[in-house]
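Asker: So that we are looking at the same thing, I have put the structure below in structure tokens.
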Amino acid sequence: METNQRPLSPHLQIYRPQWTSVLSILHRISGVLLSVGTVLMVIWLAALAQGEQAYQSMIGFMSSPLLLVALIAWTLALFYHLLNGIRHLLWDTGTMLELKPARASGWLVVVLALALTAIVWGGLL
Amino acid sequence: MKALRNPLERAINHGSAGSGVHHWWAQRFSAILLVPLTLWLVWTLAVLAGADYAAARDWIASPWNASMAILLVGATFYHARLGMQVVIEDYVHHRALEVTLQILVAAAALIGAVVSMIAILKVAFTG
């Protein structure tokens with residue numbers, strides 16, 4: 001496939017991955033995952049509106065091992081994107097941009113996202 | 001690198017440069033809206049985990065929860081479309097494929113929002 005020849009800024013193959021850059025690309029990856037995951041939200045709502053039989057078969061579908069793994073990944077992506085999104089909004093105000101708070105807030109976001117996912121699914125499973 | 005001309009010189013007189021700011025603000029505005037709405041979603045999922053059909057229907061049917069659900073669906077699909085738009089712009093360098101993907105994503109977001117909202121309204125109005 002022919003692609004255009006415009007110059008691109010140096011990217012993954014040039015820069016050594018750093019904690020902050022890894023979290024930055026994870027924000028995008030989690031956002032794409034969540035966008036795809038909205039299909040599950042539509043299915044849930046449509047089944048709810050359709051009736052009890054549709055709702056039961058939807059619950060059966062969501063309880064399959066593959067969907068369960070997807071739902072856990074989706075929960076982690078949701079908490080990560082929510083918390084890291086707040087981090088980005090704080091940066092937009094011009095605060096916490098220095099290396100130390102940028103790295104520390106990144107750790108806080110990752111730990112909280114993992115902890116919240118564990119709490120939610122620990123209660124469910 | 002192909003062009004040696006200054007990028008600014010090439011861009012001048014080729015359309016408004018101000019429209020990009022709208023996208024930036026729209027993304028932030030929908031992000032801020034989604035903070036409380038996502039917390040409501042997590043609360044809802046916690047309440048409805050293991051609940052039967054009647055309980056799930058009652059929950060969404062309440063005017064407060066139906067309103068929150070509609071706001072969540074609207075903000076989610078708007079924010080998702082804006083985010084996917086930037087991802088496609090950044091990584092898909094084949095123009096025809098890029099435009100096709102942009103149209104598909106925009107259409108999918110619109111369809112997802114409409115189907116979800118009709119489902120919520122049906123539950124809200126039929127109890």
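Labels used: A, B, ... for chains in the order of the structure tokens, numbers from 1 for residues in each chain, and numbers from 1 for ligands as shown.
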Give the residues of chain A that lie within 6 Å of chain B; count only C-alpha atoms, and format the answer as number ranges by chain.

Answerer: A: 3, 7, 35, 42, 45-46, 49

Asker: With a distance cut-off of 6 Å and only C-alpha atoms, select the neighbouring residues of region 73-90 of chain A, excluding the residue or stretch itself and same-chain residues fewer than 2 positions from it, and output the selection as a ChimeraX atom specification.

Answerer: /A:27,30,70-71,92-93,109,113,117

Asker: Restrict the selected residues to N, CA and C atoms and save them as a PDB file, in the first residue's frame.

Answerer:
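Written out: part_28.pdb:
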ATOM      1  N   HIS A  27      -2.199   5.299  27.590  1.00  0.00           N
ATOM      2  CA  HIS A  27      -3.433   6.093  27.624  1.00  0.00           C
ATOM      3  C   HIS A  27      -4.179   5.946  26.298  1.00  0.00           C
ATOM      4  N   SER A  30      -5.452   2.213  25.985  1.00  0.00           N
ATOM      5  CA  SER A  30      -6.643   1.988  26.813  1.00  0.00           C
ATOM      6  C   SER A  30      -7.846   2.714  26.214  1.00  0.00           C
ATOM      7  N   ALA A  70     -12.050 -10.351  28.828  1.00  0.00           N
ATOM      8  CA  ALA A  70     -12.200  -9.059  28.147  1.00  0.00           C
ATOM      9  C   ALA A  70     -12.779  -8.017  29.092  1.00  0.00           C
ATOM     10  N   LEU A  71     -13.753  -8.421  29.920  1.00  0.00           N
ATOM     11  CA  LEU A  71     -14.385  -7.487  30.846  1.00  0.00           C
ATOM     12  C   LEU A  71     -13.407  -7.016  31.924  1.00  0.00           C
ATOM     13  N   ASP A  92      -2.910  20.020  31.883  1.00  0.00           N
ATOM     14  CA  ASP A  92      -3.440  21.078  31.017  1.00  0.00           C
ATOM     15  C   ASP A  92      -3.537  22.413  31.748  1.00  0.00           C
ATOM     16  N   THR A  93      -3.594  22.358  33.097  1.00  0.00           N
ATOM     17  CA  THR A  93      -3.614  23.611  33.854  1.00  0.00           C
ATOM     18  C   THR A  93      -2.196  24.137  34.072  1.00  0.00           C
ATOM     19  N   VAL A 109      -1.255   6.551  39.564  1.00  0.00           N
ATOM     20  CA  VAL A 109      -2.321   6.166  38.640  1.00  0.00           C
ATOM     21  C   VAL A 109      -2.308   4.651  38.403  1.00  0.00           C
ATOM     22  N   ALA A 113      -5.220   2.158  39.665  1.00  0.00           N
ATOM     23  CA  ALA A 113      -5.999   1.456  38.636  1.00  0.00           C
ATOM     24  C   ALA A 113      -5.998  -0.054  38.900  1.00  0.00           C
ATOM     25  N   THR A 117      -9.342  -2.201  40.142  1.00  0.00           N
ATOM     26  CA  THR A 117      -9.763  -3.361  39.351  1.00  0.00           C
ATOM     27  C   THR A 117      -9.836  -4.602  40.230  1.00  0.00           C
TER      28      THR A 117
END

Asker: Please run DSSP on the backbone and report, as a PyMOL selection string, all residues within chain A that come out as helix (DSSP H, G or I).

Answerer: chain A and resi 19-50+52-62+65-92+99-124
